[in-house]
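Heads up: the structure comes next, in structure tokens.
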4 protein chains.
Amino acid sequence: MKDGTGNAKGVARPKRADARRNEKSLLDAAAAVFVTSGVEAPVRDIAARAGVGTGTIYRHFPKRADLILAVYRHQVEACAEAGPELLASSPSPHAALRQWIGLFVDFLVTKHGLAAALQSDSADFETLHASFLDRLLPVCTRLLDAAARAGEIRSDVTAYELLLAVGNLCIGAEHNPRYEARRMVALLIEGMRLPAQG
Amino acid sequence: MKDGTGNAKGVARPKRADARRNEKSLLDAAAAVFVTSGVEAPVRDIAARAGVGTGTIYRHFPKRADLILAVYRHQVEACAEAGPELLASSPSPHAALRQWIGLFVDFLVTKHGLAAALQSDSADFETLHASFLDRLLPVCTRLLDAAARAGEIRSDVTAYELLLAVGNLCIGAEHNPRYEARRMVALLIEGMRLPAQG
Amino acid sequence: MKDGTGNAKGVARPKRADARRNEKSLLDAAAAVFVTSGVEAPVRDIAARAGVGTGTIYRHFPKRADLILAVYRHQVEACAEAGPELLASSPSPHAALRQWIGLFVDFLVTKHGLAAALQSDSADFETLHASFLDRLLPVCTRLLDAAARAGEIRSDVTAYELLLAVGNLCIGAEHNPRYEARRMVALLIEGMRLPAQG
Amino acid sequence: MKDGTGNAKGVARPKRADARRNEKSLLDAAAAVFVTSGVEAPVRDIAARAGVGTGTIYRHFPKRADLILAVYRHQVEACAEAGPELLASSPSPHAALRQWIGLFVDFLVTKHGLAAALQSDSADFETLHASFLDRLLPVCTRLLDAAARAGEIRSDVTAYELLLAVGNLCIGAEHNPRYEARRMVALLIEGMRLPAQG
DNA sequence: GATGAATGAGTGTTCATTCAT
DNA sequence: AATGAATGAACACTCATTCAT
């Protein structure tokens with residue numbers, strides 16, 4: 001019955017006020033450290049940055065994946081929600097796909113190590129991998145399907161491989177001024193396009 | 001300044017036969033372990049596999065990057081040499097580019113962790129990154145230029161970003177049957193193509 | 001000087017009803033957890049089981065020994081009280097001693113870790129040790145004296161060493177089906193016996 | 001083919017000279033620390049006392065049980081070997097048993113925490129428990145059998161429970177001047193005696 | 001040159017205890 | 001009074017790297 005996190009409005013205990021504040025600063029610190037040292041940064045570093053003890057991190061996020069997940073949840077969510085909207089408002093499904101992938105790239109490119117972590121085969125990161133995919137895969141699939149049905153892109157590319165490919169293309173982009181992930185991703189998307197039918 | 005091969009400047013004393021033999025078995029062992037545990041595998045594992053002490057590895061390859069470099073030198077070399085050949089024998093520069101990139105992918109995809117290591121910003125891996133690029137960049141540039149001059153591909157993609165992009169696309173491919181790096185790379189190359197001029 | 005029960009000197013303010021209720025549930029929880037995880041079980045576990053915060057435990061029982069003491073007080077008390085009764089009702093002092101030791105063993109054997117804790121030299125457990133002894137030593141002494149005076153047992157065994165010996169013999173018994181503490185204690189008691197005088 | 005330890009005389013690599021010296025000082029340090037803080041003393045403490053790094057301890061003794069075992073191996077061995085000798089030289093099997101148990105007590109009583117560790121149910125200590133028993137059980141069994149066959153003691157006490165009981169009786173003896181383990185053990189042994197047959 | 005023993009910093013993780021709410 | 005969040009010392013263990021033999 002304990003609820004570690006959510007409990008939006010209901011009968012939530014009042015105490016959570018300071019804890020929530022603390023959790024927020026934890027998330028901020030983690031995000032900052034992740035940018036600098038990657039998502040595998042030592043727990044101590046994150047704790048130090050947040051000005052808390054290491055135990056506090058473990059209390060809030062028992063597994064590392066929990067922390068990473070929490071750090072990026074909002075952004076993943078925003079990205080996921082943008083999918084249908086773009087599909088509705090764009091001139092073509094392919095344009096929607098391109099824009100949506102653009103959002104995904106914007107998100108990943110600033111998360112040093114995230115893309116790499118998503119590739120880690122460590123048991124600890126499988127959850128992470130899965131959670132990201134759970135939310136994003138359906139959205140991407142729908143965009144892909146729409147574009148394929150419209151005859152704009154080939155239909156043999158799965159959302160899974162596309163997301164992984166895009167994720168990979170973002171690795172290392174942040175620290176490398178000579179490597180522009182967005183351009184590379186654009187090429188990839190362009191490579192999926194089918195010639196307009198006469 | 002240290003050079004793992006003992007090959008300083010021009011006066012290199014020819015390495016003793018047994019030392020060379022030793023180095024060879026070191027390389028074989030490292031290659032094998034890299035496949036299993038990635039290029040960041042513990043030094044001890046490699047030493048054990050080679051049947052030598054850890055100190056021996058450090059003598060031959062002071063920095064980890066030296067070892068990785070040595071392990072893959074032959075293959076990088078072969079890849080580099082294939083560039084001009086493909087350009088000469090292929091029906092078009094773009095085809096040559098595609099095939100050459102294919103060789104590069106073949107190489108990377110079977111090297112667990114190599115692609116990831118190439119992206120590491122650790123000072124230790126910068127050498128690695130640089131060495132690979134030193135040899136491959138000119139080759140790739142020449143292929144790119146040829147294809148661009150032939151009007152087959154856009155001319156705003158540098159060899160540097162292309163190699164990085166392809167390298168990135170290969171990350172994690174080995175252990176993931178649902179992710180086919182070659183397909184993704186093919187899309188990228190396809191995305192560079194320019195419509196044939198009337 | 002601190003006394004976990006809040007019962008200082010003589011002016012003890014009667015504890016509030018709810019506090020007493022709380023303390024009772026604490027004791028029950030602790031007893032249950034002690035059985036499962038030993039008397040050194042994490043405070044959190046006990047608190048969780050009791051449905052209270054850890055702070056509450058510390059309020060009621062500042063030191064771990066206080067808690068252990070409180071948990072077993074009733075049983076120690078019952079054991080102590082049984083001494084004189086047995087002496088009065090048994091056919092011989094030695095029989096009374098044997099039975100009383102039996103009660104003590106029954107008590108200890110089911111308290112995972114208690115016997116071990118009584119032996120711990122940690123400052124924290126000295127209190128525990130002392131408290132148990134305070135109550136039980138006089139009782140045991142009286143039984144021993146009676147049996148010795150009756151010529152049934154040797155008179156050079158002190159209650160202190162007997163209690164410790166019996167306590168020790170109980171260590172580890174609970175989890176070891178091949179080790180029957182009661183049998184070993186019986187041998188010890190038997191070993192104290194003096195041959196009946198012609 | 002690697003031999004981590006033994007290899008007494010044969011073709012042993014020469015290098016082991018300093019390592020052996022080091023291992024000896026490790027053992028001495030461990031023994032000293034065990035006396036002070038018990039066999040569960042922090043690895044760091046032992047390392048510090050021996051003047052080595054923690055890694056050195058792990059190299060020589062991967063598991064804690066290995067260290068404990070090594071520390072006490074000689075003494076266990078000596079104890080085991082004394083069994084048959086005592087049986088041969090003592091006036092009666094019971095006397096031999098008594099003396100042998102005396103040796104066992106002498107050994108245990110000075111090893112703070114050993115007896116307790118032998119009782120630990122931690123997986124890590126099972127090995128320890130088993131190793132001690134492996135060596136001592138047969139010896140004790142033989143003494144017990146001889147005494148039982150001679151009609152001097154009851155035959156329903158197993159070597160296993162006797163050793164455990166004696167071990168338990170030794171717990172805490174070193175630091176407690178008021179508790180004399182030897183006396184208590186003597187009582188136990190006495191308690192096994194059978195009245196001489198007419 | 002080769003060896004592998006030694007080193008010790010670095011890291012994850014647990015848990016008793018304190019204290020703001 | 002009760003709560004439980006926060007703290008941080010403590011500990012086991014790993015592994016890159018050095019260096020005596």
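Going through the structure tokens in order, the chains are called A, B, and so on, while each chain numbers its residues from 1 and the ligands are numbered from 1 in the order shown.
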Exercise for review: Quick one: everything within 8 Å of DT7 in chain E, counting only C-alpha atoms (C1' of nucleotides), minus sequence neighbours fewer than 2 positions away in the same chain. Send it as number ranges by chain.
Suggested key: D: 52-53, 55-56
File of the preceding selection, N, CA, C and O atoms, as an mmCIF file, in the first residue's frame:
```
data_model
loop_
_atom_site.group_PDB
_atom_site.id
_atom_site.type_symbol
_atom_site.label_atom_id
_atom_site.label_comp_id
_atom_site.auth_asym_id
_atom_site.auth_seq_id
_atom_site.Cartn_x
_atom_site.Cartn_y
_atom_site.Cartn_z
ATOM 1 N N VAL D 52 49.687 -4.480 4.515
ATOM 2 C CA VAL D 52 49.499 -4.723 3.084
ATOM 3 C C VAL D 52 48.202 -4.059 2.625
ATOM 4 O O VAL D 52 47.433 -3.560 3.434
ATOM 5 N N GLY D 53 47.991 -4.067 1.327
ATOM 6 C CA GLY D 53 46.753 -3.526 0.796
ATOM 7 C C GLY D 53 45.650 -4.562 0.898
ATOM 8 O O GLY D 53 45.931 -5.752 1.055
ATOM 9 N N GLY D 55 43.761 -5.627 -1.334
ATOM 10 C CA GLY D 55 43.789 -6.527 -2.481
ATOM 11 C C GLY D 55 44.653 -7.754 -2.231
ATOM 12 O O GLY D 55 44.358 -8.846 -2.713
ATOM 13 N N THR D 56 45.694 -7.572 -1.489
ATOM 14 C CA THR D 56 46.601 -8.680 -1.207
ATOM 15 C C THR D 56 45.881 -9.791 -0.456
ATOM 16 O O THR D 56 46.107 -10.976 -0.705
#
```
Compile a residue-level contact table for chain E against chain C at a cut-off of 12 Å, reporting for every qualifying residue the shortest atom pair and its distance in Å to one decimal, with only C-alpha atoms (C1' of nucleotides) counted, rows ordered by chain and ascending number, as a tab-separated table.
```
residue	atom	partner	partner_atom	distance
E:DT14	C1'	C:Pro42	CA	9.8
E:DC15	C1'	C:Pro42	CA	7.0
E:DA16	C1'	C:Val43	CA	7.8
E:DT17	C1'	C:Tyr58	CA	8.7
E:DT18	C1'	C:Gly55	CA	8.9
E:DC19	C1'	C:Gly55	CA	9.5
```
**Study point:** Residues of chain F within 10 Å of chain C, only C-alpha atoms (C1' of nucleotides) counted, as a list in words
**Key:**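 That gives DA1, DA2, DT3 and DG4 of chain F for chain F.
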Could the residues in this selection be written to a file with N, CA and C atoms (P, O5', C5', C4', C3', O3' and C1' of nucleotides), as a PDB file, in the first residue's frame?
```pdb
ATOM      1  P    DA F   1       5.246  11.445  25.939  1.00  0.00           P
ATOM      2  O5'  DA F   1       4.982  10.973  24.468  1.00  0.00           O
ATOM      3  C5'  DA F   1       4.609  12.017  23.522  1.00  0.00           C
ATOM      4  C4'  DA F   1       3.905  11.313  22.399  1.00  0.00           C
ATOM      5  C3'  DA F   1       4.792  10.223  21.818  1.00  0.00           C
ATOM      6  O3'  DA F   1       3.966   9.179  21.355  1.00  0.00           O
ATOM      7  C1'  DA F   1       4.484  11.966  20.252  1.00  0.00           C
ATOM      8  P    DA F   2       4.549   7.971  20.598  1.00  0.00           P
ATOM      9  O5'  DA F   2       4.487   8.501  19.091  1.00  0.00           O
ATOM     10  C5'  DA F   2       3.219   8.770  18.522  1.00  0.00           C
ATOM     11  C4'  DA F   2       3.346   8.915  17.016  1.00  0.00           C
ATOM     12  C3'  DA F   2       4.184   7.805  16.351  1.00  0.00           C
ATOM     13  O3'  DA F   2       3.511   7.421  15.169  1.00  0.00           O
ATOM     14  C1'  DA F   2       5.134   9.920  15.876  1.00  0.00           C
ATOM     15  P    DT F   3       4.137   6.288  14.255  1.00  0.00           P
ATOM     16  O5'  DT F   3       4.836   7.133  13.116  1.00  0.00           O
ATOM     17  C5'  DT F   3       4.078   8.129  12.441  1.00  0.00           C
ATOM     18  C4'  DT F   3       4.993   8.901  11.533  1.00  0.00           C
ATOM     19  C3'  DT F   3       5.900   8.007  10.689  1.00  0.00           C
ATOM     20  O3'  DT F   3       5.499   8.115   9.346  1.00  0.00           O
ATOM     21  C1'  DT F   3       7.052   9.895  11.565  1.00  0.00           C
ATOM     22  P    DG F   4       5.634   6.865   8.385  1.00  0.00           P
ATOM     23  O5'  DG F   4       6.921   7.340   7.586  1.00  0.00           O
ATOM     24  C5'  DG F   4       6.975   8.654   7.054  1.00  0.00           C
ATOM     25  C4'  DG F   4       8.421   9.012   6.779  1.00  0.00           C
ATOM     26  C3'  DG F   4       9.241   7.860   6.200  1.00  0.00           C
ATOM     27  O3'  DG F   4      10.251   8.386   5.352  1.00  0.00           O
ATOM     28  C1'  DG F   4      10.262   8.588   8.115  1.00  0.00           C
TER      29       DG F   4
END
```
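Of note, CA of Leu162 in chain C and CA of Gly172 in chain D are spaced 13.5 Å apart.
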**Study point:** Surrounding residues of range 178-182 of chain A excluding itself and chain neighbours under 2 positions, 9 Å, only C-alpha atoms (C1' of nucleotides), as a list in words
**Key:**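 Once the nearby chain positions are removed, what remains is Gly102, Val105, Asp106, Val109, Val166, Leu169, Cys170, Ile171, Gly172, Ala173, Glu174, His175, Asn176, Met184, Val185, Ala186 and Leu187 of chain A; Tyr160, Glu161, Leu162, Leu164 and Ala165 of chain B.
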If you keep C-alpha atoms, can you produce a file of those selected residues as an mmCIF file, in the first residue's frame?
```
data_model
loop_
_atom_site.group_PDB
_atom_site.id
_atom_site.type_symbol
_atom_site.label_atom_id
_atom_site.label_comp_id
_atom_site.auth_asym_id
_atom_site.auth_seq_id
_atom_site.Cartn_x
_atom_site.Cartn_y
_atom_site.Cartn_z
ATOM 1 C CA GLY A 102 13.674 15.657 -34.508
ATOM 2 C CA VAL A 105 17.007 13.725 -31.239
ATOM 3 C CA ASP A 106 16.732 16.989 -29.363
ATOM 4 C CA VAL A 109 21.524 14.704 -27.927
ATOM 5 C CA VAL A 166 18.491 7.312 -34.162
ATOM 6 C CA LEU A 169 23.391 8.403 -34.096
ATOM 7 C CA CYS A 170 23.064 10.750 -31.159
ATOM 8 C CA ILE A 171 25.878 9.212 -29.181
ATOM 9 C CA GLY A 172 28.745 11.525 -28.596
ATOM 10 C CA ALA A 173 27.148 14.405 -30.400
ATOM 11 C CA GLU A 174 27.083 16.738 -27.479
ATOM 12 C CA HIS A 175 30.787 16.933 -26.980
ATOM 13 C CA ASN A 176 31.754 16.901 -30.570
ATOM 14 C CA MET A 184 22.949 12.382 -39.809
ATOM 15 C CA VAL A 185 19.517 11.489 -38.596
ATOM 16 C CA ALA A 186 18.032 13.579 -41.352
ATOM 17 C CA LEU A 187 19.978 11.560 -43.858
ATOM 18 C CA TYR B 160 34.444 12.601 -40.481
ATOM 19 C CA GLU B 161 30.785 12.753 -39.681
ATOM 20 C CA LEU B 162 29.986 9.887 -41.973
ATOM 21 C CA LEU B 164 31.260 8.594 -36.887
ATOM 22 C CA ALA B 165 27.682 8.086 -37.890
#
```
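The coordinates place CA of Ala148 in chain A at 17.6 Å from CA of Ser89 in chain A.
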**Study point:** Long-range neighbours of Asp145 in chain C as a PyMOL selection string, 12 Å cut-off, only C-alpha atoms (C1' of nucleotides), 3 positions minimum in chain
**Key:** chain C and resi 87+93-94+96-97+137-142+148-159
Quick one: write out the picked residues with N, CA and C atoms as a PDB file, in the first residue's frame?
```pdb
ATOM      1  N   LEU C  87      11.363 -25.686  43.215  1.00  0.00           N
ATOM      2  CA  LEU C  87      12.084 -26.159  44.393  1.00  0.00           C
ATOM      3  C   LEU C  87      11.113 -26.731  45.420  1.00  0.00           C
ATOM      4  N   PRO C  93      16.081 -31.310  45.154  1.00  0.00           N
ATOM      5  CA  PRO C  93      16.653 -30.067  44.621  1.00  0.00           C
ATOM      6  C   PRO C  93      17.270 -30.285  43.245  1.00  0.00           C
ATOM      7  N   HIS C  94      17.906 -31.403  43.063  1.00  0.00           N
ATOM      8  CA  HIS C  94      18.546 -31.639  41.768  1.00  0.00           C
ATOM      9  C   HIS C  94      17.508 -31.732  40.663  1.00  0.00           C
ATOM     10  N   ALA C  96      14.690 -30.282  40.686  1.00  0.00           N
ATOM     11  CA  ALA C  96      14.216 -28.908  40.497  1.00  0.00           C
ATOM     12  C   ALA C  96      15.186 -28.128  39.618  1.00  0.00           C
ATOM     13  N   LEU C  97      16.427 -28.278  39.909  1.00  0.00           N
ATOM     14  CA  LEU C  97      17.444 -27.594  39.113  1.00  0.00           C
ATOM     15  C   LEU C  97      17.353 -28.013  37.648  1.00  0.00           C
ATOM     16  N   LEU C 137      20.225 -14.856  38.229  1.00  0.00           N
ATOM     17  CA  LEU C 137      21.305 -15.355  39.058  1.00  0.00           C
ATOM     18  C   LEU C 137      20.858 -15.777  40.466  1.00  0.00           C
ATOM     19  N   PRO C 138      20.110 -14.918  41.145  1.00  0.00           N
ATOM     20  CA  PRO C 138      19.698 -15.307  42.498  1.00  0.00           C
ATOM     21  C   PRO C 138      18.874 -16.585  42.502  1.00  0.00           C
ATOM     22  N   VAL C 139      18.023 -16.692  41.513  1.00  0.00           N
ATOM     23  CA  VAL C 139      17.177 -17.875  41.445  1.00  0.00           C
ATOM     24  C   VAL C 139      18.024 -19.127  41.245  1.00  0.00           C
ATOM     25  N   CYS C 140      18.903 -19.022  40.321  1.00  0.00           N
ATOM     26  CA  CYS C 140      19.758 -20.173  40.018  1.00  0.00           C
ATOM     27  C   CYS C 140      20.645 -20.507  41.216  1.00  0.00           C
ATOM     28  N   THR C 141      21.145 -19.475  41.839  1.00  0.00           N
ATOM     29  CA  THR C 141      22.002 -19.678  43.003  1.00  0.00           C
ATOM     30  C   THR C 141      21.274 -20.471  44.077  1.00  0.00           C
ATOM     31  N   ARG C 142      20.031 -20.092  44.266  1.00  0.00           N
ATOM     32  CA  ARG C 142      19.272 -20.764  45.316  1.00  0.00           C
ATOM     33  C   ARG C 142      19.065 -22.245  45.000  1.00  0.00           C
ATOM     34  N   ALA C 148      23.274 -28.531  46.349  1.00  0.00           N
ATOM     35  CA  ALA C 148      24.595 -28.773  46.928  1.00  0.00           C
ATOM     36  C   ALA C 148      24.461 -29.161  48.393  1.00  0.00           C
ATOM     37  N   ARG C 149      23.608 -28.440  49.075  1.00  0.00           N
ATOM     38  CA  ARG C 149      23.423 -28.749  50.494  1.00  0.00           C
ATOM     39  C   ARG C 149      22.855 -30.154  50.673  1.00  0.00           C
ATOM     40  N   ALA C 150      22.039 -30.552  49.687  1.00  0.00           N
ATOM     41  CA  ALA C 150      21.470 -31.903  49.749  1.00  0.00           C
ATOM     42  C   ALA C 150      22.492 -32.960  49.339  1.00  0.00           C
ATOM     43  N   GLY C 151      23.672 -32.483  48.992  1.00  0.00           N
ATOM     44  CA  GLY C 151      24.718 -33.438  48.607  1.00  0.00           C
ATOM     45  C   GLY C 151      24.507 -34.055  47.254  1.00  0.00           C
ATOM     46  N   GLU C 152      23.599 -33.481  46.452  1.00  0.00           N
ATOM     47  CA  GLU C 152      23.313 -34.070  45.138  1.00  0.00           C
ATOM     48  C   GLU C 152      24.295 -33.628  44.058  1.00  0.00           C
ATOM     49  N   ILE C 153      24.786 -32.421  44.214  1.00  0.00           N
ATOM     50  CA  ILE C 153      25.740 -31.935  43.201  1.00  0.00           C
ATOM     51  C   ILE C 153      26.963 -31.323  43.872  1.00  0.00           C
ATOM     52  N   ARG C 154      27.972 -31.204  43.103  1.00  0.00           N
ATOM     53  CA  ARG C 154      29.170 -30.575  43.616  1.00  0.00           C
ATOM     54  C   ARG C 154      28.870 -29.106  43.917  1.00  0.00           C
ATOM     55  N   SER C 155      29.650 -28.568  44.771  1.00  0.00           N
ATOM     56  CA  SER C 155      29.336 -27.212  45.236  1.00  0.00           C
ATOM     57  C   SER C 155      30.283 -26.180  44.655  1.00  0.00           C
ATOM     58  N   ASP C 156      31.068 -26.590  43.686  1.00  0.00           N
ATOM     59  CA  ASP C 156      32.041 -25.633  43.165  1.00  0.00           C
ATOM     60  C   ASP C 156      31.633 -25.024  41.832  1.00  0.00           C
ATOM     61  N   VAL C 157      30.376 -25.158  41.503  1.00  0.00           N
ATOM     62  CA  VAL C 157      29.912 -24.545  40.264  1.00  0.00           C
ATOM     63  C   VAL C 157      29.047 -23.337  40.599  1.00  0.00           C
ATOM     64  N   THR C 158      29.409 -22.204  40.066  1.00  0.00           N
ATOM     65  CA  THR C 158      28.617 -21.011  40.374  1.00  0.00           C
ATOM     66  C   THR C 158      27.448 -20.891  39.419  1.00  0.00           C
ATOM     67  N   ALA C 159      26.448 -20.199  39.894  1.00  0.00           N
ATOM     68  CA  ALA C 159      25.267 -19.978  39.047  1.00  0.00           C
ATOM     69  C   ALA C 159      25.669 -19.208  37.804  1.00  0.00           C
TER      70      ALA C 159
END
```
